$ cat start_11.txt   # compact mmCIF, C-alpha atoms
# COMPACT_ATOMS: atom_id res chain seq x y z
CA MET A 1 85.05 98.80 98.00
CA SER A 2 85.05 95.25 99.23
CA GLY A 3 82.27 92.93 98.18
CA TYR A 4 81.79 92.11 101.84
CA SER A 5 79.15 94.52 103.08
CA ASN A 6 77.55 92.39 105.79
CA ASN A 7 80.30 92.88 108.30
CA ARG A 8 79.98 90.37 111.12
CA PHE A 9 83.37 88.83 110.48
CA TYR A 10 85.87 88.36 113.31
CA VAL A 11 89.37 86.94 113.72
CA ALA A 12 90.37 85.01 116.87
CA LEU A 13 93.97 84.21 117.77
CA VAL A 14 93.85 81.22 120.07
CA HIS A 15 96.56 80.56 122.72
CA HIS A 16 94.61 77.67 124.28
CA PRO A 17 93.77 74.94 123.36
CA VAL A 18 96.71 74.64 120.95
CA VAL A 19 99.33 71.93 120.58
CA ASP A 20 103.09 72.06 121.04
CA LYS A 21 105.70 70.39 118.87
CA ASN A 22 104.92 67.02 120.43
CA GLY A 23 101.17 67.26 120.03
CA GLN A 24 100.48 68.03 123.69
CA THR A 25 97.73 70.55 124.41
CA ILE A 26 99.15 73.72 125.95
CA ALA A 27 98.49 77.41 126.58
CA SER A 28 101.05 79.39 124.56
CA ALA A 29 102.48 82.81 125.41
CA VAL A 30 101.29 85.92 123.61
CA THR A 31 103.70 87.36 121.00
CA ASN A 32 103.74 91.16 120.83
CA LEU A 33 103.96 91.31 117.05
CA ASP A 34 100.88 89.07 116.75
CA LEU A 35 98.88 91.88 118.30
CA HIS A 36 100.26 94.54 115.97
CA ASP A 37 100.57 92.71 112.66
CA ILE A 38 97.21 90.98 112.86
CA ALA A 39 95.37 94.08 114.09
CA ARG A 40 96.85 96.04 111.17
CA VAL A 41 95.80 93.47 108.57
CA CYS A 42 92.33 93.19 110.16
CA ARG A 43 91.92 96.98 109.96
CA THR A 44 93.20 97.06 106.38
CA TYR A 45 90.68 94.45 105.24
CA GLY A 46 87.73 95.71 107.26
CA VAL A 47 87.41 92.88 109.82
CA LYS A 48 84.96 93.82 112.58
CA GLY A 49 87.03 92.71 115.58
CA TYR A 50 90.15 90.76 116.59
CA TYR A 51 89.95 88.54 119.67
CA ILE A 52 93.01 87.43 121.64
CA ILE A 53 92.08 84.24 123.50
CA THR A 54 94.18 83.22 126.49
CA PRO A 55 93.23 81.60 129.80
CA LEU A 56 96.36 82.97 131.50
CA GLU A 57 95.56 85.97 133.65
CA ASP A 58 99.10 87.40 133.48
CA GLN A 59 99.01 87.23 129.69
CA ARG A 60 95.72 89.12 129.58
CA VAL A 61 97.24 91.76 131.87
CA LEU A 62 100.26 91.99 129.52
CA VAL A 63 98.06 92.40 126.44
CA ASN A 64 96.01 95.10 128.12
CA ARG A 65 99.18 96.96 129.14
CA ILE A 66 100.44 96.89 125.55
CA LEU A 67 97.06 98.08 124.29
CA SER A 68 97.00 100.94 126.83
CA HIS A 69 100.38 102.15 125.63
CA TRP A 70 99.13 102.41 122.06
CA MET A 71 95.57 103.49 122.75
CA THR A 72 95.95 106.12 125.45
CA GLY A 73 99.68 106.34 126.20
CA ALA A 74 102.73 107.66 124.38
CA GLY A 75 102.34 105.17 121.53
CA GLY A 76 98.98 106.57 120.52
CA THR A 77 100.45 110.05 120.12
CA TYR A 78 103.54 108.77 118.31
CA ASN A 79 101.59 106.62 115.86
CA PRO A 80 97.82 107.22 115.61
CA LYS A 81 97.53 104.70 112.76
CA ARG A 82 98.56 101.96 115.15
CA ARG A 83 95.84 103.04 117.56
CA GLN A 84 93.23 102.67 114.80
CA ALA A 85 94.35 99.08 114.28
CA LEU A 86 94.65 98.05 117.94
CA ASP A 87 91.21 99.50 118.62
CA LEU A 88 89.91 96.25 117.07
CA VAL A 89 91.47 94.04 119.76
CA ARG A 90 89.39 92.38 122.47
CA VAL A 91 90.86 90.04 125.10
CA CYS A 92 88.97 86.93 126.27
CA GLY A 93 89.77 84.13 128.71
CA SER A 94 88.36 81.41 126.48
CA PHE A 95 86.87 80.78 123.08
CA GLY A 96 83.55 80.06 124.79
CA GLU A 97 83.61 83.47 126.45
CA MET A 98 84.11 85.06 123.03
CA ARG A 99 81.23 83.02 121.60
CA ASP A 100 78.96 84.21 124.41
CA ASP A 101 80.03 87.79 123.79
CA LEU A 102 79.15 87.56 120.08
CA HIS A 103 75.94 85.64 120.80
CA ARG A 104 74.79 88.48 123.06
CA THR A 105 75.73 91.10 120.47
CA TYR A 106 74.02 89.50 117.48
CA GLY A 107 71.31 87.40 119.09
CA LYS A 108 72.71 84.22 117.55
CA PRO A 109 75.87 82.19 118.13
CA PRO A 110 78.83 82.68 115.77
CA LYS A 111 79.88 80.15 113.15
CA THR A 112 83.44 79.02 113.80
CA VAL A 113 85.85 78.51 110.90
CA ALA A 114 88.98 76.74 112.12
CA THR A 115 92.27 76.91 110.20
CA THR A 116 95.08 74.41 109.79
CA ALA A 117 98.20 73.93 107.70
CA ARG A 118 97.50 70.21 107.40
CA ARG A 119 96.42 68.99 104.00
CA ASN A 120 93.30 66.91 103.44
CA MET A 121 91.60 68.34 106.50
CA GLY A 122 89.98 71.42 104.96
CA THR A 123 86.38 71.17 103.83
CA LEU A 124 85.60 74.83 103.18
CA THR A 125 86.97 76.64 100.10
CA TYR A 126 87.74 80.36 99.99
CA ASP A 127 84.91 80.82 97.48
CA ARG A 128 82.39 79.22 99.81
CA LEU A 129 83.61 81.22 102.79
CA ARG A 130 83.34 84.46 100.77
CA SER A 131 79.72 83.60 99.99
CA MET A 132 79.08 82.77 103.63
CA LEU A 133 80.48 86.13 104.72
CA ASN A 134 78.13 87.92 102.36
CA GLU A 135 75.06 85.90 103.27
CA SER A 136 75.33 84.89 106.92
CA THR A 137 73.14 86.67 109.42
CA ALA A 138 75.18 85.08 112.23
CA PRO A 139 78.66 86.37 113.05
CA VAL A 140 81.55 84.36 111.58
CA VAL A 141 84.85 83.81 113.42
CA LEU A 142 88.06 82.78 111.68
CA ALA A 143 90.06 80.93 114.38
CA LEU A 144 93.85 80.65 114.14
CA GLY A 145 96.06 78.69 116.49
CA THR A 146 99.43 79.81 117.82
CA ALA A 147 102.31 77.39 118.60
CA TRP A 148 101.83 74.21 116.48
CA GLY A 149 98.18 74.93 115.79
CA LEU A 150 94.65 74.41 117.14
CA SER A 151 94.13 71.24 119.17
CA PRO A 152 92.29 68.24 117.65
CA ALA A 153 89.48 68.76 120.18
CA PHE A 154 89.04 72.35 119.06
CA MET A 155 89.06 71.34 115.40
CA ALA A 156 86.44 68.66 116.02
CA GLU A 157 84.05 71.19 117.54
CA ALA A 158 84.45 73.85 114.83
CA ASP A 159 81.62 74.36 112.33
CA TYR A 160 84.01 74.42 109.36
CA ILE A 161 87.68 73.86 108.55
CA LEU A 162 89.13 76.19 105.92
CA ASP A 163 91.25 74.76 103.11
CA PRO A 164 94.93 75.01 104.06
CA LEU A 165 97.17 77.47 102.23
CA VAL A 166 99.37 75.78 99.67
CA GLY A 167 102.52 77.30 98.22
CA SER A 168 104.68 75.92 95.46
CA GLY A 169 105.74 72.64 97.05
CA ASP A 170 105.53 70.61 100.24
CA TYR A 171 106.83 73.29 102.62
CA ASN A 172 104.02 75.33 104.19
CA HIS A 173 105.31 76.37 107.59
CA LEU A 174 103.99 79.91 107.60
CA SER A 175 103.88 82.12 110.67
CA VAL A 176 100.37 82.77 111.94
CA ARG A 177 100.96 86.43 110.99
CA SER A 178 101.63 85.49 107.37
CA ALA A 179 98.78 82.97 107.23
CA VAL A 180 96.06 85.33 108.44
CA SER A 181 97.33 88.08 106.12
CA ILE A 182 97.03 85.82 103.09
CA MET A 183 93.63 84.48 104.17
CA LEU A 184 92.14 87.96 104.63
CA ASP A 185 93.49 89.07 101.25
CA ARG A 186 91.94 86.04 99.57
CA LEU A 187 88.63 86.62 101.30
CA LEU A 188 88.36 90.40 101.29
CA GLY A 189 91.11 91.97 99.14
CA GLN A 190 90.49 94.27 96.23
CA GLY A 191 92.45 93.61 93.08
CA ASN A 192 92.35 89.94 93.95
CA CYS A 193 90.83 87.31 91.67
CA ARG A 194 87.15 87.66 92.37
CA MET A 195 87.23 91.31 91.39
CA ARG A 196 88.40 90.69 87.83
CA MET B 1 102.73 72.87 91.34
CA SER B 2 103.19 76.59 90.84
CA GLY B 3 102.90 78.03 87.36
CA TYR B 4 106.23 79.70 88.01
CA SER B 5 108.78 77.28 86.71
CA ASN B 6 111.51 79.71 85.66
CA ASN B 7 112.73 80.40 89.16
CA ARG B 8 114.95 83.47 89.17
CA PHE B 9 112.75 85.35 91.60
CA TYR B 10 114.23 86.97 94.74
CA VAL B 11 112.93 89.03 97.65
CA ALA B 12 115.03 91.85 99.15
CA LEU B 13 114.26 93.46 102.50
CA VAL B 14 115.87 96.90 102.43
CA HIS B 15 117.05 98.67 105.63
CA HIS B 16 118.74 101.48 103.68
CA PRO B 17 117.77 103.69 101.88
CA VAL B 18 114.37 103.88 103.60
CA VAL B 19 112.52 106.81 105.13
CA ASP B 20 111.46 107.46 108.70
CA LYS B 21 108.15 108.93 109.84
CA ASN B 22 109.29 112.41 108.83
CA GLY B 23 110.49 111.42 105.37
CA GLN B 24 114.19 111.53 106.22
CA THR B 25 116.38 108.83 104.67
CA ILE B 26 117.74 106.48 107.32
CA ALA B 27 119.19 103.02 107.90
CA SER B 28 116.70 101.04 110.03
CA ALA B 29 117.48 98.25 112.50
CA VAL B 30 116.87 94.61 111.60
CA THR B 31 113.80 93.00 113.22
CA ASN B 32 114.28 89.35 114.19
CA LEU B 33 110.81 88.26 113.07
CA ASP B 34 111.40 89.79 109.61
CA LEU B 35 114.09 87.17 109.12
CA HIS B 36 111.89 84.28 110.22
CA ASP B 37 108.47 85.22 108.84
CA ILE B 38 109.70 86.33 105.44
CA ALA B 39 112.10 83.39 105.03
CA ARG B 40 109.20 81.02 105.84
CA VAL B 41 106.84 82.60 103.31
CA CYS B 42 109.63 82.68 100.68
CA ARG B 43 110.26 78.96 101.24
CA THR B 44 106.54 78.17 101.14
CA TYR B 45 106.07 79.92 97.80
CA GLY B 46 109.30 78.74 96.19
CA VAL B 47 111.24 82.04 96.06
CA LYS B 48 114.87 81.43 95.07
CA GLY B 49 116.54 83.64 97.70
CA TYR B 50 115.87 86.27 100.35
CA TYR B 51 118.33 89.15 100.69
CA ILE B 52 118.68 91.25 103.84
CA ILE B 53 120.18 94.60 102.82
CA THR B 54 121.86 96.71 105.52
CA PRO B 55 124.94 98.93 105.38
CA LEU B 56 125.44 98.62 109.16
CA GLU B 57 128.22 96.19 109.98
CA ASP B 58 126.90 95.40 113.48
CA GLN B 59 123.49 94.57 112.01
CA ARG B 60 125.03 92.18 109.50
CA VAL B 61 126.94 90.51 112.35
CA LEU B 62 123.67 90.21 114.31
CA VAL B 63 121.84 88.65 111.37
CA ASN B 64 124.64 86.17 110.81
CA ARG B 65 124.60 85.20 114.50
CA ILE B 66 120.85 84.56 114.36
CA LEU B 67 121.28 82.53 111.19
CA SER B 68 124.07 80.46 112.76
CA HIS B 69 121.85 79.58 115.70
CA TRP B 70 119.17 78.19 113.39
CA MET B 71 121.44 76.74 110.72
CA THR B 72 124.16 74.99 112.69
CA GLY B 73 123.35 75.64 116.38
CA ALA B 74 120.72 74.44 118.82
CA GLY B 75 117.88 76.01 116.82
CA GLY B 76 118.56 73.82 113.82
CA THR B 77 118.23 70.68 115.90
CA TYR B 78 115.14 71.97 117.70
CA ASN B 79 113.34 73.02 114.53
CA PRO B 80 114.75 71.73 111.21
CA LYS B 81 111.85 73.32 109.28
CA ARG B 82 113.11 76.73 110.34
CA ARG B 83 116.54 75.85 109.01
CA GLN B 84 115.07 75.03 105.60
CA ALA B 85 113.54 78.51 105.48
CA LEU B 86 116.52 80.48 106.79
CA ASP B 87 118.76 78.68 104.30
CA LEU B 88 117.33 81.15 101.73
CA VAL B 89 118.75 84.21 103.52
CA ARG B 90 121.74 86.14 102.17
CA VAL B 91 123.11 89.30 103.82
CA CYS B 92 124.39 92.22 101.71
CA GLY B 93 125.78 95.66 102.57
CA SER B 94 123.87 97.41 99.80
CA PHE B 95 121.30 96.85 97.09
CA GLY B 96 124.06 97.42 94.54
CA GLU B 97 126.11 94.62 96.05
CA MET B 98 123.10 92.32 95.72
CA ARG B 99 122.62 93.38 92.10
CA ASP B 100 126.27 92.60 91.36
CA ASP B 101 125.89 89.21 93.02
CA LEU B 102 122.86 88.31 90.87
CA HIS B 103 124.48 89.76 87.73
CA ARG B 104 127.46 87.47 88.24
CA THR B 105 125.20 84.45 88.85
CA TYR B 106 122.91 84.90 85.84
CA GLY B 107 125.11 86.86 83.40
CA LYS B 108 122.60 89.71 83.32
CA PRO B 109 121.51 92.35 85.83
CA PRO B 110 118.29 91.79 87.79
CA LYS B 111 115.07 93.69 87.16
CA THR B 112 114.03 95.55 90.30
CA VAL B 113 110.37 95.69 91.30
CA ALA B 114 109.89 98.25 94.09
CA THR B 115 106.88 98.16 96.41
CA THR B 116 104.95 100.91 98.15
CA ALA B 117 101.72 101.36 100.10
CA ARG B 118 101.10 104.72 98.41
CA ARG B 119 98.27 104.81 95.91
CA ASN B 120 98.68 106.10 92.38
CA MET B 121 102.34 105.20 92.29
CA GLY B 122 102.14 101.62 91.10
CA THR B 123 102.54 100.93 87.41
CA LEU B 124 102.90 97.16 87.42
CA THR B 125 99.89 94.90 88.02
CA TYR B 126 100.11 91.46 89.64
CA ASP B 127 99.08 89.88 86.32
CA ARG B 128 101.92 91.55 84.47
CA LEU B 129 104.44 90.64 87.14
CA ARG B 130 103.29 87.00 87.03
CA SER B 131 103.89 86.98 83.27
CA MET B 132 107.27 88.59 83.75
CA LEU B 133 108.27 85.93 86.28
CA ASN B 134 107.41 83.20 83.80
CA GLU B 135 109.12 84.84 80.84
CA SER B 136 112.10 86.80 82.10
CA THR B 137 115.55 85.37 81.47
CA ALA B 138 116.97 87.96 83.87
CA PRO B 139 116.54 87.54 87.63
CA VAL B 140 113.71 89.58 89.19
CA VAL B 141 113.95 91.15 92.67
CA LEU B 142 110.90 92.22 94.68
CA ALA B 143 112.22 95.03 96.93
CA LEU B 144 110.44 95.88 100.19
CA GLY B 145 111.33 98.75 102.51
CA THR B 146 111.36 98.62 106.30
CA ALA B 147 110.48 101.63 108.53
CA TRP B 148 108.22 104.02 106.53
CA GLY B 149 109.19 102.52 103.17
CA LEU B 150 111.74 102.72 100.36
CA SER B 151 113.24 106.19 99.76
CA PRO B 152 112.07 108.31 96.80
CA ALA B 153 115.57 108.01 95.29
CA PHE B 154 115.36 104.21 95.45
CA MET B 155 111.88 104.23 93.91
CA ALA B 156 113.03 106.48 91.07
CA GLU B 157 115.80 104.06 90.12
CA ALA B 158 113.66 100.89 90.22
CA ASP B 159 112.65 99.29 86.93
CA TYR B 160 109.03 98.88 88.05
CA ILE B 161 106.72 99.83 90.92
CA LEU B 162 104.17 97.19 91.90
CA ASP B 163 100.53 98.19 92.45
CA PRO B 164 99.94 98.83 96.16
CA LEU B 165 97.82 96.40 98.15
CA VAL B 166 94.33 97.72 98.79
CA GLY B 167 92.02 96.44 101.51
CA SER B 168 88.43 97.42 102.12
CA GLY B 169 88.89 101.13 102.78
CA ASP B 170 91.50 103.84 103.17
CA TYR B 171 93.56 102.14 105.88
CA ASN B 172 96.47 100.14 104.44
CA HIS B 173 99.18 100.24 107.07
CA LEU B 174 100.33 96.65 106.82
CA SER B 175 103.51 95.32 108.38
CA VAL B 176 106.19 94.45 105.83
CA ARG B 177 105.73 90.82 106.97
CA SER B 178 102.04 90.89 106.06
CA ALA B 179 102.63 92.75 102.79
CA VAL B 180 105.21 90.36 101.40
CA SER B 181 103.09 87.35 102.42
CA ILE B 182 100.09 88.66 100.50
CA MET B 183 102.21 89.63 97.49
CA LEU B 184 103.81 86.19 97.21
CA ASP B 185 100.43 84.47 97.52
CA ARG B 186 99.01 86.66 94.75
CA LEU B 187 102.01 85.99 92.53
CA LEU B 188 102.76 82.34 93.27
CA GLY B 189 100.00 80.79 95.38
CA GLN B 190 97.99 77.74 94.41
CA GLY B 191 94.27 77.91 94.90
CA ASN B 192 94.46 81.60 94.17
CA CYS B 193 92.57 83.19 91.29
CA ARG B 194 94.76 82.41 88.33
CA MET B 195 94.52 78.69 89.04
CA ARG B 196 90.77 78.53 88.64
$ encode --input "start_11.txt" --output "structure tokens"
Amino acid sequence: MSGYSNNRFYVALVHHPVVDKNGQTIASAVTNLDLHDIARVCRTYGVKGYYIITPLEDQRVLVNRILSHWMTGAGGTYNPKRRQALDLVRVCGSFGEMRDDLHRTYGKPPKTVATTARRNMGTLTYDRLRSMLNESTAPVVLALGTAWGLSPAFMAEADYILDPLVGSGDYNHLSVRSAVSIMLDRLLGQGNCRMR
Amino acid sequence: MSGYSNNRFYVALVHHPVVDKNGQTIASAVTNLDLHDIARVCRTYGVKGYYIITPLEDQRVLVNRILSHWMTGAGGTYNPKRRQALDLVRVCGSFGEMRDDLHRTYGKPPKTVATTARRNMGTLTYDRLRSMLNESTAPVVLALGTAWGLSPAFMAEADYILDPLVGSGDYNHLSVRSAVSIMLDRLLGQGNCRMR
């Protein structure tokens, strides 16, 4: 089993405030496969919940319609494994709303760990975050940005910034689906380094 | 830089022969985000090439149209980083055709490493595959199945079967996009265990 027994660990996929290609702060559209792929990897690695953050009412309606299909509609009958994964998804209008939700649940506010692909911004190693997950009595949220990433204002307010993923060279333009998969494996995967 | 300097390592996404939900061998349809996400993670981790294997002519035409958009069309101008990733993609009608292509290039046939989510099938650890990647003078292909996975006949003919990914419990229904991302990070990522 995973070394992470104190399970107050959450993933948040942020659609606002994120930046576009030109650095402008925007609200991005929800991508269907972000719901599925990230819910599946969260379920596989034992994450407690997966928040979709979007201020756009029509996007929240869309997400809830997709979830209904898989939770109680034809999709749930066709593929019950998908239902188990999507059961982790919660939809919130803002990151603050999510924080309030977790604060109420645990009696203390969550620690926010922001992620970025930019080098020289990270201050938190995977080792330190693993220790934090085992020791923290507060919930911990790993926040990932869609589009071109979390806004500078969001980053400035986060409690920690996780070290960026680095591949074999200068190119590190991963999809958010790939990035969160790799991060959860590094933090929670069996057969990974810390288990040897 | 990566410890993997002898770069003859390829990823193949197989659309036939794979199995459906009921275990029947089928040819699956190509998913657009499989092209993008997997090309991006291959580029990030320094994989030499990414083969899309499908016997369906119309699917190969579709893939080539998508590639054209990003390589030479409007997509390439809009997002040159995407072009760098998709430049790794090659389209083949069968796994055998891909093998012949690599055999011609390197003067020896590739070693095939098949992947599966099923437990107790894997015989090759990540450590051993990392060593193989550093030492092999033959090309090595990591083969991933779409739909419900590579067919039993394909698995039986592979040179090796990689240990399945294991999360924190019994659930391990990852998307192929998540699975290949985690595998490449374990094999080639900096800041992962073997670098410490």
$ atom_distance --input "start_11.txt" --atom1 "atom CA of Arg43 of chain B" --atom2 "atom CA of Ser181 of chain A"
16.6 Å
$ closest_residue --input "start_11.txt" --among "A:Thr137, A:Thr54, A:Thr31, A:Thr115" --to "chain B" --atoms "all atoms listed in the file"
A:Thr31
$ residues_near_point --input "start_11.txt" --point "(90.0, 74.7, 101.6)" --cutoff "9 Å" --atoms "all atoms listed in the file" --output "VMD selection string"
(chain A and resid 119 to 127 161 to 165) or (chain B and resid 191)
$ atom_distance --input "start_11.txt" --atom1 "atom CA of Val41 of chain A" --atom2 "atom CA of Gly169 of chain B"
11.8 Å
$ residues_near_point --input "start_11.txt" --point "(96.2, 79.8, 113.1)" --cutoff "12 Å" --atoms "all atoms listed in the file" --output "count of residues only"
45
$ interface_residues --input "start_11.txt" --of "chain A" --to "chain B" --cutoff "6 Å" --atoms "only C-alpha atoms" --output "MDAnalysis selection string"
chainID A and resid 1:2 37 40:41 44:46 166:168 171:172 174:175 178 181:182 189:190 193
$ build_atoms --input "start_11.txt" --residues "segment 29-59 of chain A" --atoms "N, CA and C atoms" --output "compact mmCIF listing (two decimals), keeping the file's coordinate frame"
# COMPACT_ATOMS: atom_id res chain seq x y z
N ALA A 29 102.29 81.41 125.00
CA ALA A 29 102.48 82.81 125.41
C ALA A 29 102.10 83.74 124.25
N VAL A 30 101.64 84.93 124.61
CA VAL A 30 101.29 85.92 123.61
C VAL A 30 102.58 86.53 123.02
N THR A 31 102.59 86.71 121.70
CA THR A 31 103.70 87.36 121.00
C THR A 31 103.28 88.78 120.64
N ASN A 32 104.09 89.75 121.05
CA ASN A 32 103.74 91.16 120.83
C ASN A 32 103.39 91.46 119.38
N LEU A 33 104.22 90.98 118.45
CA LEU A 33 103.96 91.31 117.05
C LEU A 33 102.69 90.66 116.51
N ASP A 34 102.18 89.62 117.15
CA ASP A 34 100.88 89.07 116.75
C ASP A 34 99.77 90.09 116.97
N LEU A 35 99.89 90.84 118.06
CA LEU A 35 98.88 91.88 118.30
C LEU A 35 98.92 92.91 117.18
N HIS A 36 100.12 93.44 116.93
CA HIS A 36 100.26 94.54 115.97
C HIS A 36 99.98 94.10 114.54
N ASP A 37 100.69 93.09 114.08
CA ASP A 37 100.57 92.71 112.66
C ASP A 37 99.15 92.30 112.31
N ILE A 38 98.54 91.50 113.19
CA ILE A 38 97.21 90.98 112.86
C ILE A 38 96.15 92.06 113.00
N ALA A 39 96.31 92.95 113.99
CA ALA A 39 95.37 94.08 114.09
C ALA A 39 95.46 94.96 112.84
N ARG A 40 96.67 95.19 112.35
CA ARG A 40 96.85 96.04 111.17
C ARG A 40 96.22 95.41 109.93
N VAL A 41 96.38 94.10 109.76
CA VAL A 41 95.80 93.47 108.57
C VAL A 41 94.27 93.38 108.71
N CYS A 42 93.78 93.18 109.93
CA CYS A 42 92.33 93.19 110.16
C CYS A 42 91.75 94.57 109.82
N ARG A 43 92.41 95.63 110.26
CA ARG A 43 91.92 96.98 109.96
C ARG A 43 91.98 97.25 108.46
N THR A 44 93.05 96.82 107.83
CA THR A 44 93.20 97.06 106.38
C THR A 44 92.08 96.39 105.59
N TYR A 45 91.69 95.19 106.01
CA TYR A 45 90.68 94.45 105.24
C TYR A 45 89.27 94.57 105.81
N GLY A 46 89.08 95.43 106.79
CA GLY A 46 87.73 95.71 107.26
C GLY A 46 87.10 94.65 108.15
N VAL A 47 87.93 93.86 108.86
CA VAL A 47 87.41 92.88 109.82
C VAL A 47 86.82 93.64 111.02
N LYS A 48 85.72 93.10 111.55
CA LYS A 48 84.96 93.82 112.58
C LYS A 48 85.65 93.84 113.95
N GLY A 49 86.35 92.76 114.29
CA GLY A 49 87.03 92.71 115.58
C GLY A 49 88.04 91.58 115.61
N TYR A 50 89.04 91.72 116.51
CA TYR A 50 90.15 90.76 116.59
C TYR A 50 90.29 90.33 118.04
N TYR A 51 89.91 89.08 118.31
CA TYR A 51 89.95 88.54 119.67
C TYR A 51 91.28 87.84 119.96
N ILE A 52 91.86 88.17 121.11
CA ILE A 52 93.01 87.43 121.64
C ILE A 52 92.47 86.52 122.73
N ILE A 53 92.63 85.21 122.55
CA ILE A 53 92.08 84.24 123.50
C ILE A 53 93.20 83.62 124.32
N THR A 54 93.20 83.90 125.62
CA THR A 54 94.18 83.22 126.49
C THR A 54 93.61 83.05 127.89
N PRO A 55 93.74 81.84 128.46
CA PRO A 55 93.23 81.60 129.80
C PRO A 55 94.17 82.12 130.89
N LEU A 56 95.36 82.57 130.51
CA LEU A 56 96.36 82.97 131.50
C LEU A 56 96.17 84.43 131.88
N GLU A 57 95.87 84.63 133.15
CA GLU A 57 95.56 85.97 133.65
C GLU A 57 96.73 86.94 133.40
N ASP A 58 97.96 86.48 133.65
CA ASP A 58 99.10 87.40 133.48
C ASP A 58 99.28 87.80 132.02
N GLN A 59 98.91 86.90 131.12
CA GLN A 59 99.01 87.23 129.69
C GLN A 59 97.94 88.25 129.28
